[in-house]
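S.K.: Just passing along the structure, written as structure tokens.
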Amino acid sequence: MSESKENVLDPIVSLCKRRGFIFQSSEVYGGFAGFWDYGPMGCELKNNIKSAWWQSTVRLREDVAGLDASIIMHPAIWKASGHLDTFADPMCMCKSCKKLVRADQTWDIFAESAIMEALRPLITDGRADAGKTANWCKGRAKSIAPNLFAVANAETRLPVIFDKIPVCDSAQTLYTLLALPEGAEHVLPCPYCGGEMTEPRPFNMMFKTIVGPVEDQANAAYLRPETAQAIFAQFQNILATSRQQVPFGVAQIGKSFRNEITPRNYTFRSREFEQMELEFFIKPDEAVELIHGNVITLADNPDLAEPQPAWGWEVWHKYWVEQRKNWLIHTVGLPEKSFVEYWQTADELAHYARACVDIQYAFPFGVQELEGIAARSDFDLTQHQTHSGKTMEVFDEALKLACKPMTPEARDAFTQKVEADWTRRGKDPALARQFAATLFEGKYIPHVIEPSAGVDRLALALLCNAYVEETVTDEKGNSEIRTVLRLSPKIAPIKIAVFPLVKNKPELYAKARDVFKKLQRRWNCFWDESGAIGRRYRRQDEVGTPFCVTVDFQTLDDNTVTLRDRDSMQQERISLDALIAKLDDTLL
RNA sequence: GCGAGCGUAACUCAGUUGGUAGAGUGCCACCUUGCCAAGGUGGUUGUCGAGGGUUCGAGUCCCUUCGCUCGCUCCA
């Protein structure tokens, strides 16, 4: 299996280069890792994917508006979103076993064993259960390790740490606990082999640049690592100008940049990539309950065809999972059985996420994520409200009206219910009271469902799915290999190729040019007059052109042409008008 | 970032112990051609990934670098 993994993409990579889908960036200078160029066929393919997404996500809906934001934004955005902190992971490498470990995870492992060591007397005395204590240590280690790491170069902050380690009471104890020689270098041994580790080096995943003429770190800015944050930052502007009301969404397609340590698997993990993201804003469940008296959950087994006002976040999330799957299957033609819907487990979820579904495609190099549909609660908007000082709340007329007749007792009861619920979910109950009070005024920060897809990953998945080498046998019994890209007609780069049956008959040639010009006004067409007709068909098969039209002598008499189908290789005689009607039907 | 392997025409690949590059396919032109890559004639292609070194002479040996593949690692 691991042997066969080698070069599984080769035929596809080769075809993509030969036929102008994908080139290595800067190839004449030896290439540039993690960057790719889309050639004549590739850019048509990508444009078709993007416009199909835009069509179904924005144009065919009334509740989604578009945005095209700048790539470089105020650095504070990345502070608020958390990218500045979590994208700057310092890493250590073991000098002997060469393993790379996130610096805070080294501490993680040490903190765990140190706390365990400190608690051992309790277990020995029989006052604590060994298994439970071990689990507790693991949890504690996770929460204190980042602080331990921070403190490694700032001993003044030690007391902060001690607050979190009740068993410690002095710096001396900490050093003893961690088995560190006092005043020694604060780089820990390798957690795997005990070897010496290098100094932690920052691996910032965000590309940094300087804005303005002065080369000063104070003017540092970043290329966005995701498109989503601009939508949150512009939330109030869009709300004010789009005439939308919650629930509604904002869609954006654009480039994002991540300085990946290891770009691999062709275009799958690139340093520059394109995303299609939707942030769909919904009312918090508490607001839905106040307005409608109940919240529809998945337990109610709701019909997901049309959004309903009383849907809770859970149903909205499921709705978007279904929407996205339908689009993948029916619009861009990814077979249902070629991908899996993976629901992240509780401990895989980011702390602010309530649910996240990964749509994973079975690539030749493994099952990998194509798209994620996350329920991100009100985390992002709240972050930007906190950091910017600008409100991200919306005013909801229906909510205000619903709350108006509520008695003080009813409000108290509701508030207590929210407090209990928040406590159960591990959120600060003190904030619940404030949240409820805001709701009674008809205001809230919307929650968000985020379907986020990678254009390049999807393009690669579609190419992998479409690539077929089939054996064709002619009447004489000769077999040969036919290479075909079975792309969905909607996303195929070229829709129709037009051929004159022969090119040395001026009348026929002119007629074929007329047909070509006529079709070209509607679709991306390709003209080919060279070589035998069969060769021309096969050339189109390799770039996935679904239809070929051949103009022959009969066309001159009755305005009919032969229409050849890519997949079946069957031909039919059809009038030009009927052809246009048929293609309209298939391609729109 | 580390380790291993690899890098010759647009594609797939030859290239013997160092002697200034080949094949097939493709592509282009003309002829031919009445529907599935295989007719005829002619033509096109490379700083042998890049830079440096050894040598009279390097695709071939050495060093550096870039890129690709695999493994480790990472991955909102």
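Each chain in the structure tokens gets a letter, A, B, ..., in the order shown, and its residues are numbered from 1; ligands are numbered from 1 in order too.
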As a list of chain:residue names, please: the residues near stretch 263-270 of chain A (cut-off 6 Å, only C-alpha atoms (C1' of nucleotides), same-chain neighbours under 6 positions excluded).
M.R.: A:Gly34, A:Phe35, A:Arg457
S.K.: Write a file of the just-selected residues containing C-alpha atoms, as a tab-separated table (two decimals), in the first residue's frame.
M.R.:
chain	number	residue	atom	x	y	z
A	34	GLY	CA	3.80	25.49	-2.71
A	35	PHE	CA	2.73	27.72	-5.57
A	457	ARG	CA	-8.70	21.17	-3.55
S.K.: Output the contact residues of chain B with respect to chain A at a cut-off of 7 Å, based on only C-alpha atoms (C1' of nucleotides), as a PyMOL selection string.
M.R.: chain B and resi 2+10-11+33+35-37+49+66-67+72-74
S.K.: Dump N, CA, C and O atoms (P, O5', C5', C4', C3', O3' and C1' of nucleotides) for the selected residues as a PDB file, in the first residue's frame?
M.R.:
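Below is the file that was written, again-v8.pdb:
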ATOM      1  P     C B   2      17.343  21.346   6.963  1.00  0.00           P
ATOM      2  O5'   C B   2      17.232  19.868   7.563  1.00  0.00           O
ATOM      3  C5'   C B   2      17.825  19.571   8.815  1.00  0.00           C
ATOM      4  C4'   C B   2      17.498  18.151   9.198  1.00  0.00           C
ATOM      5  C3'   C B   2      17.781  17.114   8.126  1.00  0.00           C
ATOM      6  O3'   C B   2      19.144  16.722   8.123  1.00  0.00           O
ATOM      7  C1'   C B   2      15.623  16.748   9.015  1.00  0.00           C
ATOM      8  P     A B  10      10.316  21.115 -23.558  1.00  0.00           P
ATOM      9  O5'   A B  10       8.887  20.638 -23.060  1.00  0.00           O
ATOM     10  C5'   A B  10       7.941  21.572 -22.547  1.00  0.00           C
ATOM     11  C4'   A B  10       6.578  20.940 -22.634  1.00  0.00           C
ATOM     12  C3'   A B  10       6.543  19.475 -22.216  1.00  0.00           C
ATOM     13  O3'   A B  10       6.267  19.365 -20.836  1.00  0.00           O
ATOM     14  C1'   A B  10       5.596  19.696 -24.374  1.00  0.00           C
ATOM     15  P     C B  11       7.046  18.228 -19.975  1.00  0.00           P
ATOM     16  O5'   C B  11       6.262  16.907 -20.392  1.00  0.00           O
ATOM     17  C5'   C B  11       4.905  16.719 -20.004  1.00  0.00           C
ATOM     18  C4'   C B  11       4.422  15.383 -20.504  1.00  0.00           C
ATOM     19  C3'   C B  11       5.335  14.217 -20.149  1.00  0.00           C
ATOM     20  O3'   C B  11       5.043  13.723 -18.851  1.00  0.00           O
ATOM     21  C1'   C B  11       4.841  14.125 -22.450  1.00  0.00           C
ATOM     22  P     U B  33      -8.710  12.940 -50.802  1.00  0.00           P
ATOM     23  O5'   U B  33      -9.061  12.479 -49.319  1.00  0.00           O
ATOM     24  C5'   U B  33      -8.932  11.116 -48.947  1.00  0.00           C
ATOM     25  C4'   U B  33      -9.199  10.979 -47.475  1.00  0.00           C
ATOM     26  C3'   U B  33     -10.550  11.496 -47.007  1.00  0.00           C
ATOM     27  O3'   U B  33     -11.576  10.559 -47.277  1.00  0.00           O
ATOM     28  C1'   U B  33      -8.878  12.208 -45.505  1.00  0.00           C
ATOM     29  P     C B  35     -15.999   8.193 -42.695  1.00  0.00           P
ATOM     30  O5'   C B  35     -15.821   9.205 -41.503  1.00  0.00           O
ATOM     31  C5'   C B  35     -14.590   9.254 -40.774  1.00  0.00           C
ATOM     32  C4'   C B  35     -14.925   9.254 -39.314  1.00  0.00           C
ATOM     33  C3'   C B  35     -15.918   8.166 -38.924  1.00  0.00           C
ATOM     34  O3'   C B  35     -15.561   7.671 -37.653  1.00  0.00           O
ATOM     35  C1'   C B  35     -16.799  10.276 -38.365  1.00  0.00           C
ATOM     36  P     C B  36     -14.985   6.194 -37.528  1.00  0.00           P
ATOM     37  O5'   C B  36     -13.873   6.371 -36.444  1.00  0.00           O
ATOM     38  C5'   C B  36     -12.663   7.043 -36.734  1.00  0.00           C
ATOM     39  C4'   C B  36     -12.022   7.438 -35.435  1.00  0.00           C
ATOM     40  C3'   C B  36     -11.778   6.259 -34.493  1.00  0.00           C
ATOM     41  O3'   C B  36     -10.649   6.573 -33.718  1.00  0.00           O
ATOM     42  C1'   C B  36     -13.147   7.842 -33.442  1.00  0.00           C
ATOM     43  P     A B  37      -9.273   5.754 -33.886  1.00  0.00           P
ATOM     44  O5'   A B  37      -8.337   6.948 -33.424  1.00  0.00           O
ATOM     45  C5'   A B  37      -8.453   8.228 -34.006  1.00  0.00           C
ATOM     46  C4'   A B  37      -7.111   8.905 -33.940  1.00  0.00           C
ATOM     47  C3'   A B  37      -5.939   7.973 -34.211  1.00  0.00           C
ATOM     48  O3'   A B  37      -4.973   8.653 -34.980  1.00  0.00           O
ATOM     49  C1'   A B  37      -5.694   8.975 -32.109  1.00  0.00           C
ATOM     50  P     G B  49      19.628  18.334 -15.834  1.00  0.00           P
ATOM     51  O5'   G B  49      18.649  19.415 -15.203  1.00  0.00           O
ATOM     52  C5'   G B  49      17.724  20.103 -16.032  1.00  0.00           C
ATOM     53  C4'   G B  49      17.267  21.348 -15.343  1.00  0.00           C
ATOM     54  C3'   G B  49      18.366  22.339 -14.986  1.00  0.00           C
ATOM     55  O3'   G B  49      18.712  23.168 -16.073  1.00  0.00           O
ATOM     56  C1'   G B  49      16.981  22.000 -13.111  1.00  0.00           C
ATOM     57  P     C B  66      17.841  26.310  -1.338  1.00  0.00           P
ATOM     58  O5'   C B  66      17.025  26.148  -2.691  1.00  0.00           O
ATOM     59  C5'   C B  66      16.585  27.281  -3.426  1.00  0.00           C
ATOM     60  C4'   C B  66      15.969  26.836  -4.734  1.00  0.00           C
ATOM     61  C3'   C B  66      14.852  25.811  -4.618  1.00  0.00           C
ATOM     62  O3'   C B  66      13.621  26.405  -4.298  1.00  0.00           O
ATOM     63  C1'   C B  66      16.347  25.133  -6.308  1.00  0.00           C
ATOM     64  P     G B  67      12.520  25.565  -3.508  1.00  0.00           P
ATOM     65  O5'   G B  67      12.070  24.460  -4.563  1.00  0.00           O
ATOM     66  C5'   G B  67      11.298  24.823  -5.694  1.00  0.00           C
ATOM     67  C4'   G B  67      11.167  23.657  -6.637  1.00  0.00           C
ATOM     68  C3'   G B  67      10.526  22.406  -6.059  1.00  0.00           C
ATOM     69  O3'   G B  67       9.119  22.509  -6.014  1.00  0.00           O
ATOM     70  C1'   G B  67      12.435  21.806  -7.300  1.00  0.00           C
ATOM     71  P     C B  72       5.492   8.875   8.228  1.00  0.00           P
ATOM     72  O5'   C B  72       6.507   9.758   9.091  1.00  0.00           O
ATOM     73  C5'   C B  72       7.334   9.149  10.070  1.00  0.00           C
ATOM     74  C4'   C B  72       8.265  10.174  10.668  1.00  0.00           C
ATOM     75  C3'   C B  72       7.594  11.367  11.341  1.00  0.00           C
ATOM     76  O3'   C B  72       7.090  11.057  12.626  1.00  0.00           O
ATOM     77  C1'   C B  72       9.409  12.114  10.041  1.00  0.00           C
ATOM     78  P     U B  73       5.697  11.607  13.086  1.00  0.00           P
ATOM     79  O5'   U B  73       5.874  13.179  12.986  1.00  0.00           O
ATOM     80  C5'   U B  73       6.691  13.885  13.914  1.00  0.00           C
ATOM     81  C4'   U B  73       6.806  15.316  13.498  1.00  0.00           C
ATOM     82  C3'   U B  73       5.477  16.069  13.375  1.00  0.00           C
ATOM     83  O3'   U B  73       5.009  16.513  14.635  1.00  0.00           O
ATOM     84  C1'   U B  73       6.797  16.508  11.477  1.00  0.00           C
ATOM     85  P     C B  74       3.460  16.655  14.893  1.00  0.00           P
ATOM     86  O5'   C B  74       3.060  17.856  13.934  1.00  0.00           O
ATOM     87  C5'   C B  74       3.465  19.180  14.261  1.00  0.00           C
ATOM     88  C4'   C B  74       3.167  20.102  13.112  1.00  0.00           C
ATOM     89  C3'   C B  74       1.696  20.261  12.753  1.00  0.00           C
ATOM     90  O3'   C B  74       1.035  21.152  13.638  1.00  0.00           O
ATOM     91  C1'   C B  74       2.955  19.991  10.792  1.00  0.00           C
TER      92        C B  74
END
S.K.: Quick one: everything within 7 Å of stretch 12-21 of chain B, counting only C-alpha atoms (C1' of nucleotides), minus sequence neighbours fewer than 2 positions away in the same chain. Send it as a PyMOL selection string.
M.R.: chain B and resi 57-58+60
S.K.: Filtering to all heavy atoms, could you give me those residues as a tab-separated table (two decimals), in the first residue's frame?
M.R.:
chain	number	residue	atom	x	y	z
B	57	G	P	39.52	21.53	-19.51
B	57	G	OP1	38.97	22.89	-19.42
B	57	G	OP2	40.02	20.84	-18.30
B	57	G	O5'	38.44	20.61	-20.23
B	57	G	C5'	37.74	21.11	-21.37
B	57	G	C4'	36.92	20.01	-22.01
B	57	G	O4'	37.79	18.91	-22.37
B	57	G	C3'	35.89	19.35	-21.11
B	57	G	O3'	34.71	20.12	-21.03
B	57	G	C2'	35.66	18.01	-21.79
B	57	G	O2'	34.83	18.16	-22.93
B	57	G	C1'	37.08	17.68	-22.27
B	57	G	N9	37.78	16.80	-21.34
B	57	G	C8	38.81	17.14	-20.48
B	57	G	N7	39.24	16.13	-19.77
B	57	G	C5	38.44	15.06	-20.18
B	57	G	C6	38.46	13.70	-19.76
B	57	G	O6	39.17	13.16	-18.92
B	57	G	N1	37.49	12.97	-20.43
B	57	G	C2	36.63	13.47	-21.38
B	57	G	N2	35.76	12.60	-21.90
B	57	G	N3	36.62	14.73	-21.77
B	57	G	C4	37.55	15.46	-21.14
B	58	A	P	33.82	20.11	-19.69
B	58	A	OP1	32.69	21.04	-19.90
B	58	A	OP2	34.75	20.30	-18.58
B	58	A	O5'	33.27	18.60	-19.60
B	58	A	C5'	32.38	18.07	-20.59
B	58	A	C4'	31.20	17.40	-19.89
B	58	A	O4'	31.72	16.48	-18.89
B	58	A	C3'	30.31	18.38	-19.12
B	58	A	O3'	28.97	17.88	-19.12
B	58	A	C2'	30.86	18.34	-17.71
B	58	A	O2'	29.92	18.65	-16.75
B	58	A	C1'	31.26	16.87	-17.60
B	58	A	N9	32.34	16.61	-16.64
B	58	A	C8	33.21	17.50	-16.06
B	58	A	N7	34.05	16.95	-15.22
B	58	A	C5	33.72	15.60	-15.25
B	58	A	C6	34.25	14.48	-14.58
B	58	A	N6	35.26	14.53	-13.71
B	58	A	N1	33.68	13.29	-14.84
B	58	A	C2	32.67	13.22	-15.71
B	58	A	N3	32.09	14.21	-16.41
B	58	A	C4	32.67	15.38	-16.12
B	60	U	P	27.18	16.08	-15.27
B	60	U	OP1	26.89	16.51	-13.89
B	60	U	OP2	28.29	16.68	-16.02
B	60	U	O5'	27.37	14.51	-15.28
B	60	U	C5'	26.47	13.65	-14.58
B	60	U	C4'	26.82	12.21	-14.86
B	60	U	O4'	26.89	12.03	-16.30
B	60	U	C3'	28.16	11.77	-14.29
B	60	U	O3'	28.03	10.54	-13.61
B	60	U	C2'	29.08	11.66	-15.49
B	60	U	O2'	30.00	10.59	-15.39
B	60	U	C1'	28.09	11.38	-16.63
B	60	U	N1	28.56	11.91	-17.93
B	60	U	C2	28.83	11.01	-18.94
B	60	U	O2	28.70	9.81	-18.81
B	60	U	N3	29.27	11.57	-20.10
B	60	U	C4	29.45	12.91	-20.37
B	60	U	O4	29.84	13.27	-21.47
B	60	U	C5	29.14	13.79	-19.27
B	60	U	C6	28.72	13.26	-18.11
S.K.: For B:G43, list every protein, DNA or RNA residue within 12 Å, evaluated using only C-alpha atoms (C1' of nucleotides), and leave out those in the same chain fewer than 6 positions away; present the list as a PyMOL selection string.
M.R.: chain B and resi 27-30
S.K.: Would you pick out the contacts of stretch 389-394 of chain A at 12 Å or less, using only C-alpha atoms (C1' of nucleotides), so that residues sharing its chain but fewer than 6 positions from it are not included, and give the list as a VMD selection string?
M.R.: chain A and resid 76 80 231 to 240 244 to 247 281 to 284 287 378 to 383 400 435 438 to 439 441 to 447
S.K.: Restricting the output to N, CA, C and O atoms, write the selected residues as a short mmCIF file (atom, residue, chain, number, x, y, z; two decimals), in the first residue's frame.
M.R.:
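Generated file (result-v8.cif):
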data_model
loop_
_atom_site.label_atom_id
_atom_site.label_comp_id
_atom_site.auth_asym_id
_atom_site.auth_seq_id
_atom_site.Cartn_x
_atom_site.Cartn_y
_atom_site.Cartn_z
N ALA A 76 -4.79 44.17 13.47
CA ALA A 76 -5.62 43.92 14.66
C ALA A 76 -6.67 42.84 14.39
O ALA A 76 -7.12 42.16 15.31
N ALA A 80 -7.51 39.80 16.90
CA ALA A 80 -8.85 39.49 17.39
C ALA A 80 -9.26 38.06 17.04
O ALA A 80 -9.86 37.36 17.84
N ILE A 231 -15.38 39.16 6.42
CA ILE A 231 -16.84 39.15 6.48
C ILE A 231 -17.30 39.59 7.87
O ILE A 231 -18.23 40.38 8.01
N PHE A 232 -16.62 39.10 8.89
CA PHE A 232 -17.00 39.49 10.25
C PHE A 232 -16.71 40.98 10.47
O PHE A 232 -17.53 41.70 11.03
N ALA A 233 -15.55 41.41 10.00
CA ALA A 233 -15.17 42.80 10.23
C ALA A 233 -16.12 43.77 9.50
O ALA A 233 -16.36 44.87 9.97
N GLN A 234 -16.64 43.34 8.36
CA GLN A 234 -17.55 44.21 7.58
C GLN A 234 -19.01 43.89 7.86
O GLN A 234 -19.90 44.37 7.14
N PHE A 235 -19.25 43.10 8.89
CA PHE A 235 -20.61 42.62 9.14
C PHE A 235 -21.64 43.76 9.19
O PHE A 235 -22.67 43.73 8.51
N GLN A 236 -21.35 44.80 9.96
CA GLN A 236 -22.34 45.86 10.14
C GLN A 236 -22.56 46.65 8.84
O GLN A 236 -23.69 47.06 8.56
N ASN A 237 -21.49 46.87 8.07
CA ASN A 237 -21.65 47.57 6.80
C ASN A 237 -22.56 46.80 5.85
O ASN A 237 -23.39 47.38 5.15
N ILE A 238 -22.35 45.49 5.80
CA ILE A 238 -23.15 44.67 4.88
C ILE A 238 -24.60 44.64 5.34
O ILE A 238 -25.53 44.79 4.55
N LEU A 239 -24.78 44.50 6.65
CA LEU A 239 -26.14 44.48 7.20
C LEU A 239 -26.87 45.78 6.85
O LEU A 239 -28.04 45.78 6.47
N ALA A 240 -26.13 46.89 6.94
CA ALA A 240 -26.76 48.20 6.74
C ALA A 240 -27.08 48.47 5.27
O ALA A 240 -27.94 49.29 4.97
N GLN A 244 -30.66 43.04 4.14
CA GLN A 244 -30.86 41.68 4.68
C GLN A 244 -31.15 41.78 6.16
O GLN A 244 -30.77 42.77 6.82
N GLN A 245 -31.79 40.74 6.69
CA GLN A 245 -31.98 40.62 8.13
C GLN A 245 -31.62 39.20 8.53
O GLN A 245 -31.79 38.27 7.75
N VAL A 246 -31.14 39.06 9.75
CA VAL A 246 -30.82 37.72 10.24
C VAL A 246 -32.09 36.87 10.21
O VAL A 246 -33.14 37.36 10.63
N PRO A 247 -32.06 35.65 9.68
CA PRO A 247 -30.89 34.95 9.16
C PRO A 247 -30.53 35.31 7.72
O PRO A 247 -31.39 35.36 6.88
N PHE A 281 -25.33 33.96 9.02
CA PHE A 281 -25.65 34.45 10.36
C PHE A 281 -27.06 34.06 10.77
O PHE A 281 -28.00 34.24 9.99
N ILE A 282 -27.18 33.52 11.97
CA ILE A 282 -28.49 33.07 12.46
C ILE A 282 -28.74 33.67 13.85
O ILE A 282 -27.82 34.15 14.51
N LYS A 283 -29.99 33.60 14.26
CA LYS A 283 -30.33 34.09 15.60
C LYS A 283 -29.85 33.07 16.63
O LYS A 283 -29.92 31.86 16.38
N PRO A 284 -29.42 33.55 17.79
CA PRO A 284 -29.10 32.59 18.84
C PRO A 284 -30.36 31.82 19.23
O PRO A 284 -31.47 32.37 19.12
N ALA A 287 -32.93 33.56 21.31
CA ALA A 287 -33.78 34.53 20.64
C ALA A 287 -34.91 33.84 19.89
O ALA A 287 -36.07 34.29 19.91
N ASP A 378 -21.18 32.56 18.35
CA ASP A 378 -20.98 33.99 18.12
C ASP A 378 -19.53 34.39 18.39
O ASP A 378 -19.23 35.55 18.61
N PHE A 379 -18.66 33.38 18.37
CA PHE A 379 -17.27 33.61 18.74
C PHE A 379 -16.62 34.73 17.94
O PHE A 379 -16.05 35.67 18.50
N ASP A 380 -16.70 34.66 16.61
CA ASP A 380 -15.95 35.59 15.78
C ASP A 380 -16.44 37.03 15.94
O ASP A 380 -15.65 37.96 16.13
N LEU A 381 -17.76 37.21 15.85
CA LEU A 381 -18.29 38.57 15.98
C LEU A 381 -18.01 39.13 17.37
O LEU A 381 -17.70 40.30 17.52
N THR A 382 -18.10 38.26 18.38
CA THR A 382 -17.82 38.72 19.74
C THR A 382 -16.36 39.16 19.87
O THR A 382 -16.06 40.20 20.46
N GLN A 383 -15.46 38.39 19.28
CA GLN A 383 -14.05 38.76 19.30
C GLN A 383 -13.83 40.15 18.70
O GLN A 383 -13.11 40.97 19.25
N LYS A 400 -37.89 42.07 19.92
CA LYS A 400 -38.32 43.17 20.80
C LYS A 400 -39.82 43.06 21.10
O LYS A 400 -40.25 43.17 22.25
N PHE A 435 -26.51 38.71 28.82
CA PHE A 435 -26.98 38.27 27.50
C PHE A 435 -28.51 38.30 27.44
O PHE A 435 -29.11 38.82 26.50
N THR A 438 -29.91 41.79 27.27
CA THR A 438 -29.76 42.34 25.92
C THR A 438 -30.86 41.79 25.00
O THR A 438 -31.43 42.53 24.20
N LEU A 439 -31.13 40.51 25.15
CA LEU A 439 -32.19 39.90 24.34
C LEU A 439 -33.52 40.60 24.58
O LEU A 439 -34.27 40.87 23.63
N GLU A 441 -34.08 43.52 25.17
CA GLU A 441 -34.09 44.78 24.43
C GLU A 441 -34.19 44.56 22.92
O GLU A 441 -34.19 45.51 22.14
N GLY A 442 -34.23 43.28 22.53
CA GLY A 442 -34.35 42.97 21.10
C GLY A 442 -33.01 42.91 20.39
O GLY A 442 -32.94 42.98 19.17
N LYS A 443 -31.90 42.74 21.16
CA LYS A 443 -30.58 42.75 20.52
C LYS A 443 -29.78 41.49 20.84
O LYS A 443 -29.95 40.89 21.91
N TYR A 444 -28.92 41.13 19.92
CA TYR A 444 -28.02 39.99 20.13
C TYR A 444 -26.90 40.04 19.11
O TYR A 444 -26.99 40.75 18.10
N ILE A 445 -25.85 39.30 19.40
CA ILE A 445 -24.79 39.07 18.40
C ILE A 445 -25.16 37.80 17.67
O ILE A 445 -25.34 36.76 18.30
N PRO A 446 -25.28 37.84 16.35
CA PRO A 446 -25.69 36.63 15.62
C PRO A 446 -24.67 35.50 15.77
O PRO A 446 -23.48 35.75 15.97
N HIS A 447 -25.17 34.31 15.67
CA HIS A 447 -24.30 33.14 15.59
C HIS A 447 -24.03 32.86 14.12
O HIS A 447 -24.69 33.43 13.25
#
S.K.: Using DSSP on the backbone coordinates, identify all residues within stretch 261-433 of chain A classified as strand (DSSP E or B); present the result as JSON, numbers by chain.
M.R.: {"A": [272, 273, 274, 275, 276, 277, 278, 279, 280, 281, 282, 296, 311, 339, 340, 341, 342, 343, 355, 356, 357, 358, 359, 360, 361, 362, 363, 366, 367, 368, 369, 370, 371, 372, 373, 374, 375, 394, 395]}
